[in-house]
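Printed here is query21.tsv (TSV, C-alpha atoms and all ligand atoms):
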chain	number	residue	atom	x	y	z
B	1	MET	CA	0.00	0.00	0.00
B	2	THR	CA	1.34	3.41	-1.01
B	3	ASN	CA	0.74	6.48	1.13
B	4	ILE	CA	-0.09	9.51	-1.02
B	5	ILE	CA	0.73	12.47	1.21
B	6	LEU	CA	-0.94	15.75	0.21
B	7	CYS	CA	1.24	18.72	1.10
B	8	GLY	CA	-0.08	21.47	-1.13
B	9	GLY	CA	-2.20	23.57	1.23
B	10	SER	CA	-1.18	26.86	2.81
B	11	GLY	CA	-3.29	26.90	6.02
B	12	THR	CA	-4.21	30.58	6.42
B	13	ARG	CA	-5.99	30.04	9.74
B	14	LEU	CA	-2.67	29.57	11.51
B	15	TRP	CA	-1.15	32.89	10.41
B	16	PRO	CA	1.52	34.14	11.29
B	17	ILE	CA	3.20	30.79	11.90
B	18	SER	CA	1.76	29.32	8.70
B	19	ARG	CA	2.90	31.15	5.56
B	20	THR	CA	2.91	30.48	1.85
B	21	LEU	CA	6.55	29.44	2.01
B	22	MET	CA	6.24	27.71	5.39
B	23	PRO	CA	2.76	26.24	5.55
B	24	LYS	CA	1.32	24.74	8.70
B	25	GLN	CA	2.23	21.13	7.85
B	26	PHE	CA	5.95	21.95	7.93
B	27	VAL	CA	5.98	24.07	11.12
B	28	LYS	CA	7.60	22.22	14.01
B	29	LEU	CA	4.86	22.50	16.59
B	30	PHE	CA	5.06	19.19	18.41
B	31	ASN	CA	8.29	18.37	20.30
B	32	ASP	CA	10.29	19.81	17.43
B	33	LYS	CA	8.43	17.74	14.85
B	34	SER	CA	6.08	18.96	12.15
B	35	LEU	CA	2.66	17.55	11.29
B	36	PHE	CA	4.20	16.38	8.01
B	37	GLN	CA	6.90	14.45	9.87
B	38	LEU	CA	4.36	12.93	12.26
B	39	THR	CA	2.28	11.89	9.23
B	40	VAL	CA	5.24	10.14	7.58
B	41	GLU	CA	6.17	8.38	10.85
B	42	ARG	CA	2.61	7.22	11.50
B	43	ASN	CA	1.97	6.00	7.98
B	44	SER	CA	5.33	4.34	7.41
B	45	LYS	CA	4.07	1.76	9.93
B	46	VAL	CA	1.02	0.88	7.81
B	47	CYS	CA	2.22	1.55	4.23
B	48	ASP	CA	5.11	0.19	2.16
B	49	SER	CA	6.08	3.48	0.53
B	50	GLN	CA	5.34	7.18	0.38
B	51	PHE	CA	4.39	9.35	-2.56
B	52	ILE	CA	4.57	13.00	-1.58
B	53	VAL	CA	2.53	15.39	-3.72
B	54	SER	CA	3.52	18.97	-3.09
B	55	ASN	CA	4.05	22.35	-4.57
B	56	ALA	CA	7.42	22.55	-6.33
B	57	GLU	CA	8.36	25.40	-3.97
B	58	GLN	CA	8.10	23.10	-0.98
B	59	TYR	CA	10.18	20.25	-2.36
B	60	PHE	CA	13.32	21.05	-0.38
B	61	LEU	CA	11.35	21.57	2.81
B	62	ALA	CA	9.68	18.18	2.42
B	63	ARG	CA	12.92	16.44	1.48
B	64	ASP	CA	14.91	17.93	4.37
B	65	GLN	CA	12.20	17.09	6.89
B	66	LEU	CA	11.95	13.54	5.58
B	67	GLU	CA	15.70	13.03	5.89
B	68	GLU	CA	15.69	14.44	9.43
B	69	LEU	CA	13.37	11.69	10.56
B	70	LYS	CA	16.04	9.01	10.38
B	71	ILE	CA	13.45	6.36	9.71
B	72	PRO	CA	15.35	3.29	8.47
B	73	ASP	CA	15.25	3.12	4.67
B	74	ALA	CA	13.43	-0.20	4.85
B	75	HIS	CA	10.48	1.55	6.48
B	76	LEU	CA	10.55	4.40	3.99
B	77	GLY	CA	9.69	1.95	1.24
B	78	LYS	CA	11.47	3.44	-1.71
B	79	GLY	CA	14.56	4.38	0.26
B	80	LEU	CA	16.21	7.80	0.32
B	81	GLY	CA	18.36	8.88	-2.56
B	82	ILE	CA	17.36	6.01	-4.85
B	83	GLN	CA	17.51	6.51	-8.59
B	84	PRO	CA	14.22	5.11	-9.79
B	85	GLU	CA	13.66	3.94	-13.32
B	86	ASN	CA	9.87	3.92	-13.05
B	87	ASP	CA	7.41	6.61	-12.05
B	88	LYS	CA	5.97	4.33	-9.45
B	89	ASP	CA	9.29	4.21	-7.66
B	90	CYS	CA	9.55	7.99	-7.37
B	91	ARG	CA	8.98	9.57	-4.02
B	92	TYR	CA	7.81	13.07	-5.05
B	93	LEU	CA	5.30	14.45	-7.49
B	94	LEU	CA	5.74	18.19	-7.85
B	95	GLU	CA	3.03	20.61	-8.93
B	96	PRO	CA	4.13	24.02	-10.29
B	97	VAL	CA	0.79	25.39	-9.05
B	98	GLY	CA	-1.85	23.74	-6.90
B	99	ARG	CA	-5.17	22.72	-8.49
B	100	ASN	CA	-6.67	21.31	-5.29
B	101	THR	CA	-6.94	17.71	-4.14
B	102	ALA	CA	-8.74	15.97	-7.04
B	103	PRO	CA	-5.91	16.65	-9.53
B	104	ALA	CA	-3.18	16.06	-6.89
B	105	ILE	CA	-4.56	12.60	-6.12
B	106	ALA	CA	-5.33	11.82	-9.77
B	107	LEU	CA	-1.80	12.65	-10.94
B	108	ALA	CA	-0.31	10.44	-8.23
B	109	CYS	CA	-2.68	7.57	-9.06
B	110	MET	CA	-1.83	7.85	-12.76
B	111	ALA	CA	1.86	7.41	-11.95
B	112	LEU	CA	1.16	4.22	-9.95
B	113	ASP	CA	-0.02	0.75	-11.00
B	114	GLU	CA	-3.80	0.66	-11.27
B	115	GLU	CA	-3.99	-2.29	-8.86
B	116	GLU	CA	-1.96	-0.48	-6.20
B	117	ILE	CA	-3.97	0.29	-3.05
B	118	VAL	CA	-3.34	3.83	-1.89
B	119	LEU	CA	-3.90	5.52	1.43
B	120	VAL	CA	-4.42	9.22	0.74
B	121	THR	CA	-3.71	11.40	3.75
B	122	PRO	CA	-3.43	15.10	4.39
B	123	SER	CA	-0.09	16.16	5.85
B	124	ASP	CA	-1.52	18.58	8.40
B	125	HIS	CA	-3.59	16.45	10.78
B	126	LEU	CA	-2.90	14.95	14.18
B	127	ILE	CA	-3.93	11.39	15.06
B	128	LYS	CA	-3.10	10.32	18.58
B	129	ASN	CA	-4.57	6.84	18.92
B	130	GLU	CA	-2.18	4.87	16.73
B	131	LYS	CA	-3.45	1.47	17.86
B	132	ALA	CA	-7.00	2.27	16.72
B	133	TYR	CA	-5.53	3.89	13.60
B	134	LYS	CA	-3.82	0.63	12.57
B	135	GLU	CA	-7.11	-1.22	13.01
B	136	VAL	CA	-9.17	1.18	10.89
B	137	ILE	CA	-6.53	1.17	8.16
B	138	ALA	CA	-6.65	-2.64	8.00
B	139	LYS	CA	-10.43	-2.51	7.71
B	140	ALA	CA	-10.25	0.17	4.99
B	141	LYS	CA	-7.69	-1.83	3.04
B	142	ALA	CA	-10.03	-4.81	2.96
B	143	PHE	CA	-12.85	-2.64	1.53
B	144	ALA	CA	-10.44	-1.11	-1.00
B	145	GLU	CA	-9.44	-4.59	-2.18
B	146	ASP	CA	-13.14	-5.06	-2.98
B	147	ASN	CA	-13.04	-1.98	-5.26
B	148	SER	CA	-14.67	0.54	-2.89
B	149	LEU	CA	-13.67	4.13	-2.31
B	150	VAL	CA	-13.16	4.19	1.44
B	151	THR	CA	-13.61	7.18	3.74
B	152	PHE	CA	-12.84	7.45	7.43
B	153	GLY	CA	-15.68	8.75	9.58
B	154	ILE	CA	-15.08	10.84	12.67
B	155	GLN	CA	-17.86	11.13	15.26
B	156	PRO	CA	-18.95	14.79	15.01
B	157	THR	CA	-19.15	16.88	18.18
B	158	PHE	CA	-20.49	20.16	16.79
B	159	ALA	CA	-21.90	21.62	13.56
B	160	GLU	CA	-18.55	22.39	11.87
B	161	ILE	CA	-19.14	23.87	8.41
B	162	GLY	CA	-15.54	23.42	7.21
B	163	PHE	CA	-15.84	19.63	6.91
B	164	GLY	CA	-17.52	17.09	4.67
B	165	TYR	CA	-20.32	14.97	6.17
B	166	ILE	CA	-20.79	11.27	5.49
B	167	GLU	CA	-24.34	9.96	5.67
B	168	ALA	CA	-23.87	6.37	6.78
B	169	ASP	CA	-25.90	3.22	6.74
B	170	GLY	CA	-23.59	0.82	8.53
B	171	PHE	CA	-20.39	0.70	6.47
B	172	ASN	CA	-22.24	1.88	3.37
B	173	VAL	CA	-22.42	5.54	2.44
B	174	LYS	CA	-25.84	6.84	1.43
B	175	ALA	CA	-24.52	10.27	0.53
B	176	PHE	CA	-21.50	12.50	0.97
B	177	HIS	CA	-22.10	16.20	1.64
B	178	GLU	CA	-19.10	18.52	1.37
B	179	LYS	CA	-19.12	21.66	3.55
B	180	PRO	CA	-22.84	22.17	4.29
B	181	ASP	CA	-24.25	25.44	5.64
B	182	LEU	CA	-24.74	25.78	9.39
B	183	GLU	CA	-28.42	24.87	9.43
B	184	THR	CA	-27.79	21.71	7.39
B	185	ALA	CA	-24.75	20.75	9.48
B	186	ASP	CA	-26.89	21.15	12.59
B	187	SER	CA	-29.57	18.83	11.19
B	188	TYR	CA	-26.88	16.22	10.38
B	189	LEU	CA	-25.62	16.39	13.95
B	190	LYS	CA	-29.13	15.80	15.30
B	191	ALA	CA	-29.85	12.95	12.85
B	192	GLY	CA	-27.10	10.83	14.40
B	193	ASN	CA	-26.05	8.73	11.36
B	194	TYR	CA	-23.57	11.29	10.00
B	195	TYR	CA	-19.82	11.38	10.37
B	196	TRP	CA	-17.30	14.08	9.67
B	197	ASN	CA	-15.10	13.19	6.72
B	198	SER	CA	-11.52	12.97	8.01
B	199	GLY	CA	-10.00	13.93	4.65
B	200	MET	CA	-8.23	10.55	4.35
B	201	PHE	CA	-9.18	8.02	1.68
B	202	CYS	CA	-8.24	4.47	0.72
B	203	PHE	CA	-8.79	2.85	-2.69
B	204	LYS	CA	-7.17	1.13	-5.64
B	205	ALA	CA	-5.52	3.76	-7.86
B	206	GLY	CA	-7.40	2.40	-10.88
B	207	VAL	CA	-10.79	2.41	-9.14
B	208	PHE	CA	-10.43	6.06	-8.17
B	209	LEU	CA	-9.40	6.99	-11.71
B	210	GLU	CA	-12.42	5.17	-13.17
B	211	GLU	CA	-14.77	7.09	-10.89
B	212	LEU	CA	-13.00	10.37	-11.70
B	213	GLN	CA	-13.31	9.68	-15.41
B	214	LYS	CA	-17.02	8.92	-14.96
B	215	TYR	CA	-17.95	11.96	-12.88
B	216	SER	CA	-15.33	14.61	-13.69
B	217	PRO	CA	-14.00	13.73	-17.15
B	218	THR	CA	-12.46	17.15	-17.79
B	219	ILE	CA	-10.24	16.81	-14.73
B	220	TYR	CA	-9.36	13.25	-15.73
B	221	ASP	CA	-8.45	14.23	-19.30
B	222	ALA	CA	-6.39	17.26	-18.26
B	223	CYS	CA	-4.51	15.20	-15.68
B	224	LYS	CA	-3.83	12.46	-18.24
B	225	THR	CA	-2.37	15.04	-20.65
B	226	ALA	CA	-0.24	16.46	-17.84
B	227	ILE	CA	1.08	13.09	-16.71
B	228	ASP	CA	1.79	11.99	-20.28
B	229	SER	CA	4.07	15.00	-20.79
B	230	ARG	CA	5.59	14.98	-17.28
B	231	VAL	CA	9.24	15.69	-16.76
B	232	LYS	CA	11.50	13.26	-15.05
B	233	HIS	CA	15.22	13.86	-15.07
B	234	GLU	CA	17.60	10.97	-14.84
B	235	ASN	CA	18.71	10.23	-11.27
B	236	ASP	CA	15.75	12.12	-9.84
B	237	ASP	CA	13.29	10.59	-7.46
B	238	MET	CA	10.65	13.08	-8.52
B	239	ILE	CA	8.15	13.64	-11.29
B	240	ARG	CA	7.40	17.20	-12.34
B	241	VAL	CA	4.26	18.33	-14.08
B	242	LYS	CA	4.71	21.11	-16.63
B	243	HIS	CA	3.38	24.53	-15.70
B	244	GLU	CA	1.17	24.99	-18.76
B	245	ASP	CA	-0.33	21.50	-18.34
B	246	MET	CA	-1.10	22.17	-14.70
B	247	LEU	CA	-2.86	25.44	-15.55
B	248	ASN	CA	-5.18	23.51	-17.88
B	249	ILE	CA	-6.41	21.30	-15.05
B	250	PRO	CA	-9.67	22.51	-13.45
B	251	ASP	CA	-9.38	23.36	-9.73
B	252	ASP	CA	-11.53	21.02	-7.64
B	253	SER	CA	-11.40	18.91	-4.50
B	254	ILE	CA	-11.80	15.12	-4.42
B	255	ASP	CA	-14.84	15.71	-2.21
B	256	TYR	CA	-16.82	17.61	-4.88
B	257	ALA	CA	-15.33	15.94	-7.96
B	258	VAL	CA	-15.76	12.32	-6.86
B	259	MET	CA	-16.96	11.57	-3.34
B	260	GLU	CA	-20.27	13.46	-3.58
B	261	LYS	CA	-21.09	11.67	-6.83
B	262	SER	CA	-19.77	8.10	-6.54
B	263	ASN	CA	-21.99	5.16	-5.56
B	264	THR	CA	-19.19	2.92	-4.35
B	265	VAL	CA	-18.20	4.77	-1.20
B	266	LYS	CA	-17.74	3.03	2.16
B	267	VAL	CA	-17.05	4.49	5.57
B	268	VAL	CA	-14.93	3.07	8.36
B	269	PRO	CA	-15.89	4.65	11.69
B	270	SER	CA	-12.63	5.94	13.11
B	271	ASN	CA	-12.24	6.54	16.81
B	272	ILE	CA	-8.64	7.58	16.45
B	273	ASP	CA	-8.32	10.82	18.45
B	274	TRP	CA	-8.18	12.93	15.32
B	275	SER	CA	-7.76	16.68	14.92
B	276	ASP	CA	-7.28	18.71	11.76
B	277	VAL	CA	-5.49	21.38	13.85
B	278	GLY	CA	-7.50	23.85	11.82
B	279	SER	CA	-7.26	26.84	14.16
B	280	PHE	CA	-5.30	28.14	17.13
B	281	ASP	CA	-8.17	27.04	19.39
B	282	ALA	CA	-7.75	23.47	18.09
B	283	LEU	CA	-3.97	23.77	18.42
B	284	TYR	CA	-4.26	24.90	22.07
B	285	ASP	CA	-6.13	21.67	22.87
B	286	GLU	CA	-3.33	19.59	21.37
B	287	LEU	CA	-0.30	21.32	22.94
B	288	GLU	CA	1.11	20.51	26.36
B	289	GLN	CA	-0.02	22.93	29.07
B	290	ASP	CA	1.43	23.86	32.46
B	291	THR	CA	-0.55	23.85	35.72
B	292	ASN	CA	-1.98	27.29	34.94
B	293	GLY	CA	-3.29	26.11	31.59
B	294	ASN	CA	-0.72	28.11	29.61
B	295	THR	CA	1.01	26.26	26.78
B	296	LYS	CA	4.58	25.34	27.70
B	297	ASN	CA	6.98	28.00	26.43
B	298	ASP	CA	10.40	28.95	27.88
B	299	LYS	CA	10.02	32.48	26.55
B	300	HIS	CA	6.71	33.12	28.30
B	301	ILE	CA	6.71	34.89	31.65
B	302	ALA	CA	3.21	34.56	33.07
B	303	ILE	CA	2.15	36.72	35.98
B	304	ASP	CA	-1.32	35.79	37.20
B	305	SER	CA	-2.17	34.70	33.68
B	306	THR	CA	-4.03	31.51	32.85
B	307	ASN	CA	-5.21	29.39	29.92
B	308	ASN	CA	-3.25	31.27	27.26
B	309	LEU	CA	-1.79	29.90	24.04
B	310	VAL	CA	1.61	31.58	23.72
B	311	ILE	CA	3.80	30.74	20.71
B	312	GLY	CA	7.11	32.44	19.92
B	313	ASP	CA	10.72	31.45	20.40
B	314	GLU	CA	12.62	34.65	19.75
B	315	ARG	CA	11.53	37.40	22.12
B	316	VAL	CA	10.47	37.17	25.75
B	317	ILE	CA	6.68	37.31	25.95
B	318	ALA	CA	5.29	38.53	29.26
B	319	THR	CA	1.64	38.50	30.25
B	320	VAL	CA	0.11	40.09	33.33
B	321	ASP	CA	-3.41	39.37	34.56
B	322	VAL	CA	-4.65	38.04	31.23
B	323	ASP	CA	-6.60	34.85	30.57
B	324	ASN	CA	-7.80	32.95	27.52
B	325	LEU	CA	-5.67	34.78	24.97
B	326	ILE	CA	-3.95	33.56	21.84
B	327	ILE	CA	-0.57	35.24	21.41
B	328	VAL	CA	1.58	34.23	18.46
B	329	ASP	CA	4.89	35.96	17.74
B	330	SER	CA	6.65	34.96	14.54
B	331	GLY	CA	9.37	37.63	14.74
B	332	ASP	CA	7.98	39.74	11.91
B	333	ALA	CA	4.32	39.58	12.90
B	334	LEU	CA	2.35	39.41	16.13
B	335	LEU	CA	-1.14	38.01	16.57
B	336	VAL	CA	-3.25	38.70	19.64
B	337	SER	CA	-6.70	37.14	19.67
B	338	LYS	CA	-9.36	36.06	22.12
B	339	LYS	CA	-9.74	32.31	22.47
B	340	GLY	CA	-12.83	31.21	20.58
B	341	SER	CA	-12.24	33.75	17.80
B	342	SER	CA	-9.37	32.07	16.05
B	343	GLN	CA	-11.47	31.06	13.02
B	344	LYS	CA	-11.37	34.75	12.08
B	345	VAL	CA	-7.58	34.73	11.67
B	346	LYS	CA	-7.99	33.93	7.96
B	347	LYS	CA	-9.57	37.39	7.60
B	348	VAL	CA	-6.21	38.89	8.60
B	349	VAL	CA	-4.56	37.08	5.69
B	350	ARG	CA	-7.28	38.31	3.33
B	351	GLU	CA	-6.76	41.88	4.56
B	352	LEU	CA	-2.98	41.61	4.11
B	353	LYS	CA	-3.45	40.32	0.54
B	354	GLU	CA	-5.71	43.26	-0.27
B	355	GLN	CA	-3.12	45.71	1.09
B	356	ALA	CA	-0.28	44.11	-0.88
K	1	LIG	N1	-0.52	18.51	-3.39
K	1	LIG	C1	-1.57	19.27	-3.12
K	1	LIG	N2	-2.02	20.13	-4.08
K	1	LIG	N3	-2.15	19.19	-1.90
K	1	LIG	C2	-3.20	19.98	-1.65
K	1	LIG	C3	-3.73	20.89	-2.60
K	1	LIG	C4	-3.08	20.96	-3.89
K	1	LIG	O1	-3.45	21.73	-4.78
K	1	LIG	N4	-4.77	21.53	-2.03
K	1	LIG	C5	-4.89	21.04	-0.78
K	1	LIG	N5	-3.94	20.11	-0.52
K	1	LIG	C6	-3.71	19.33	0.71
K	1	LIG	C7	-3.71	20.19	1.97
K	1	LIG	O2	-2.38	20.53	2.32
K	1	LIG	C8	-4.31	19.23	2.98
K	1	LIG	O3	-3.30	18.41	3.54
K	1	LIG	C9	-5.25	18.34	2.17
K	1	LIG	O4	-4.80	18.45	0.82
K	1	LIG	C10	-6.73	18.74	2.24
K	1	LIG	O5	-6.92	20.04	1.74
K	1	LIG	P1	-7.65	21.18	2.57
K	1	LIG	O6	-7.64	22.43	1.75
K	1	LIG	O7	-7.09	21.25	3.95
K	1	LIG	O8	-9.15	20.61	2.61
K	1	LIG	P2	-10.27	21.02	3.64
K	1	LIG	O9	-9.72	21.00	5.02
K	1	LIG	O10	-10.91	22.26	3.18
K	1	LIG	O11	-11.34	19.82	3.49
K	1	LIG	C11	-10.97	18.45	3.46
K	1	LIG	O12	-10.58	17.98	4.75
K	1	LIG	C12	-11.63	17.99	5.74
K	1	LIG	C13	-11.06	17.43	7.05
K	1	LIG	O13	-10.00	18.21	7.50
K	1	LIG	C14	-12.19	17.68	2.92
K	1	LIG	O14	-11.79	16.37	2.58
K	1	LIG	C15	-13.33	17.64	3.93
K	1	LIG	O15	-14.37	16.80	3.48
K	1	LIG	C16	-12.81	17.12	5.28
K	1	LIG	O16	-13.87	17.14	6.25
K	2	MG	MG	-7.82	20.98	5.90

Produce structure tokens that represent the structure in this file.
Ligand code: GDD
Ligand code: MG
Amino acid sequence: MTNIILCGGSGTRLWPISRTLMPKQFVKLFNDKSLFQLTVERNSKVCDSQFIVSNAEQYFLARDQLEELKIPDAHLGKGLGIQPENDKDCRYLLEPVGRNTAPAIALACMALDEEEIVLVTPSDHLIKNEKAYKEVIAKAKAFAEDNSLVTFGIQPTFAEIGFGYIEADGFNVKAFHEKPDLETADSYLKAGNYYWNSGMFCFKAGVFLEELQKYSPTIYDACKTAIDSRVKHENDDMIRVKHEDMLNIPDDSIDYAVMEKSNTVKVVPSNIDWSDVGSFDALYDELEQDTNGNTKNDKHIAIDSTNNLVIGDERVIATVDVDNLIIVDSGDALLVSKKGSSQKVKKVVRELKEQA
């Protein structure tokens, strides 16, 4: 089983630590490891090899972080520094520009054998129950062998509108609803037979491509053209897609392009302690805290201050009599926000783009 790792996102809700050139998945937030590194470590235990699909700009970041891990080559499947003869033995697929997840996954699947079972995972999530994770992956693999497109269902706890919802009937999926409005999300929560879509998928490469061709033929055709004229230099362990070919691929996510439309979707309920670390509020819950509820940080001097998220490793950050704040210092930018409001951080990025 090959792990397709999606690294193309930029994660604007974690500004200013997540930037275009240093997106959230590569920021070392957890004991000096990044979410990308934790993803590779976790999945190298359940997959035979990794296929990293990322923006060309982030290739060196991904490669350096992979090498830092010191995972034995045997567990990295293809081995570092190999000189593959076939596309399927490459480790990286580089996109000159991102066209969202449907093309990223399609291009990777086109480079692999059609019978290969793939585990598609984002690079920016946290999964803490690895024992349960191994079990759900085994279950998903069995469904994928039977030609299903497999999703992983997370028990929802509130009406999040940034996720996809899986309407389940046992392991079968009645319908897949990507990013509903609040009222609809609320009704799903009350109905009880809906899961959040985790953003991970498992299927045979060929089965996914057949469904893509059936439901989103323009994406399929454009990806096929792009992969047919890909660039692969000798001695490289990467495939590059040409800029002009990439621009011709329509921008769409796997959720809209395939999952909402396909009739062969299964869901594996996944009690795996999952978080998409989608905001500073979510990040606070995942980071280690001291007895006053402040996140552990050598640079933070807290005087009668409690339950604050304080990130920054350059300057001293002192707080006096303040509670429930989010303070993030990246050296060139400083964010101060109330806890509970961190979803609005993406508005800062929008504002900055307008000013630029
Ligand atoms: N290579 C590549 N190229 N990767 C990409 C691209 C791209 O153009 N666009 C996004 N990605 C990566 C992101 O880095 C992330 O790891 C993953 O693909 C998913 O993309 P997001 O942009 O984060 O999707 P989302 O969060 O809006 O929604 C998805 O995840 C939710 C769970 O977190 C959907 O699958 C939802 O249904 C799901 O609930
Ligand atoms: Mg996401």

Any residue with an atom at most 6 Å from ligand LIG 1 (chain K) counts, using only C-alpha atoms and all ligand atoms. Which are they? Put them as a ChimeraX atom specification. /B:6-9,53-54,98-101,104,122-124,163-164,178,196-199,255,276

Between B:Ile4, B:Ile166, B:Val345, B:Met200, smallest distance to ligand MG 2 (chain K) by only C-alpha atoms and all ligand atoms belongs to B:Met200

Can you tell me how far CA of Phe152 (chain B) sits from CA of Trp274 (chain B), in Å to one decimal? 10.7 Å

Could you check which of B:Val328, B:Val27, B:Asn307, B:Asp87 is closest to Glu234 (chain B), using all atoms listed in the file?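 Of B:Val328, B:Val27, B:Asn307, B:Asp87, the one nearest Glu234 (chain B) is B:Asp87, counting all atoms listed in the file.
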
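Distance check against ligand MG 2 (chain K) using only C-alpha atoms and all ligand atoms: of B:Lys346, B:Arg13, B:Lys70, B:Arg63, the minimum falls on B:Arg13.
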
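Considering the residues B:Ile137, B:Leu93, B:Val40, B:Met1 and counting all atoms listed in the file, Ile117 (chain B) has its shortest atom-to-atom contact with B:Met1.
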
I'd like the neighbourhood of Asn324 (chain B) as a VMD selection string, where a residue qualifies if any of its atoms comes within 8 Å (using all atoms listed in the file), though same-chain residues fewer than 4 positions away should be ignored. chain B and resid 306 to 309 338 to 339

Residues from the last selection, C-alpha atoms, saved as a PDB file, in the coordinates of the input:
ATOM      1  CA  THR B 306      -4.030  31.510  32.850  1.00  0.00           C
ATOM      2  CA  ASN B 307      -5.210  29.390  29.920  1.00  0.00           C
ATOM      3  CA  ASN B 308      -3.250  31.270  27.260  1.00  0.00           C
ATOM      4  CA  LEU B 309      -1.790  29.900  24.040  1.00  0.00           C
ATOM      5  CA  LYS B 338      -9.360  36.060  22.120  1.00  0.00           C
ATOM      6  CA  LYS B 339      -9.740  32.310  22.470  1.00  0.00           C
TER       7      LYS B 339
END

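Ranking B:Met22, B:Ile52, B:Val277, B:Ile17 by their shortest atom-to-atom distance to ligand MG 2 (chain K), with only C-alpha atoms and all ligand atoms included, puts B:Val277 first.
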
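Remark: for Val150 (chain B), the closest of the candidate residues B:Ser253, B:Thr218, B:Thr264, B:Thr39 is B:Thr264 (distances computed over only C-alpha atoms).
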
Any idea what the distance is between CA of Asp89 (chain B) and CA of Pro103 (chain B)? 19.7 Å

Exercise: region 310-314 of chain B partners within 8 Å, all atoms listed in the file, chain neighbours under 4 positions left out, as a list of chain:residue names: B:Asn294, B:Thr295, B:Lys296, B:Asn297, B:Asp298, B:Lys299, B:His300, B:Ile326, B:Ile327, B:Val328, B:Asp329, B:Ser330, B:Gly331

Taking (-8.0, 19.8, -15.0) in the file's own coordinates, collect the residues within 9 Å, counting only C-alpha atoms, and hand them back as JSON, numbers by chain. {"B": [99, 102, 103, 217, 218, 219, 220, 221, 222, 223, 226, 245, 246, 247, 248, 249, 250, 251, 252]}

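Picture a line from CA of Val120 (chain B) to CA of Ser49 (chain B); it runs 12.0 Å.
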
Using all atoms listed in the file, collect all residues at a distance of at most 12 Å from (-10.6, 29.6, 8.2) as written in the file, then present them as a PyMOL selection string. chain B and resi 10-15+160-163+276-282+341-350

Starting from 5 Å padding per side, set up an axis-aligned box that covers all listed atoms of region 245-259 of chain B and hand over centre and edge lengths in Å, one decimal, as lines of an AutoDock Vina configuration file.
center_x = -8.6
center_y = 18.5
center_z = -10.3
size_x = 26.6
size_y = 23.9
size_z = 26.1

What would region 267-277 of chain B look like with N, CA, C and O atoms in place, written as a compact mmCIF listing (two decimals), in the coordinates of the input?
# COMPACT_ATOMS: atom_id res chain seq x y z
N VAL B 267 -17.61 3.72 4.46
CA VAL B 267 -17.05 4.49 5.57
C VAL B 267 -16.60 3.54 6.67
O VAL B 267 -17.29 2.58 6.99
N VAL B 268 -15.41 3.80 7.19
CA VAL B 268 -14.93 3.07 8.36
C VAL B 268 -14.97 4.04 9.54
O VAL B 268 -14.25 5.04 9.54
N PRO B 269 -15.85 3.78 10.51
CA PRO B 269 -15.89 4.65 11.69
C PRO B 269 -14.52 4.66 12.36
O PRO B 269 -13.94 3.60 12.56
N SER B 270 -14.02 5.84 12.67
CA SER B 270 -12.63 5.94 13.11
C SER B 270 -12.51 6.72 14.41
O SER B 270 -12.49 7.94 14.44
N ASN B 271 -12.40 5.94 15.49
CA ASN B 271 -12.24 6.54 16.81
C ASN B 271 -10.75 6.63 17.10
O ASN B 271 -10.20 5.81 17.84
N ILE B 272 -10.10 7.59 16.48
CA ILE B 272 -8.64 7.58 16.45
C ILE B 272 -8.00 8.81 17.11
O ILE B 272 -6.82 9.03 16.97
N ASP B 273 -8.81 9.59 17.82
CA ASP B 273 -8.32 10.82 18.45
C ASP B 273 -7.70 11.75 17.39
O ASP B 273 -6.51 12.02 17.39
N TRP B 274 -8.57 12.19 16.52
CA TRP B 274 -8.18 12.93 15.32
C TRP B 274 -8.41 14.44 15.50
O TRP B 274 -9.39 14.84 16.11
N SER B 275 -7.50 15.24 14.98
CA SER B 275 -7.76 16.68 14.92
C SER B 275 -7.17 17.22 13.62
O SER B 275 -6.09 16.80 13.21
N ASP B 276 -7.86 18.14 12.99
CA ASP B 276 -7.28 18.71 11.76
C ASP B 276 -6.47 19.98 12.09
O ASP B 276 -5.96 20.63 11.19
N VAL B 277 -6.30 20.24 13.39
CA VAL B 277 -5.49 21.38 13.85
C VAL B 277 -5.80 22.60 12.98
O VAL B 277 -4.90 23.31 12.54
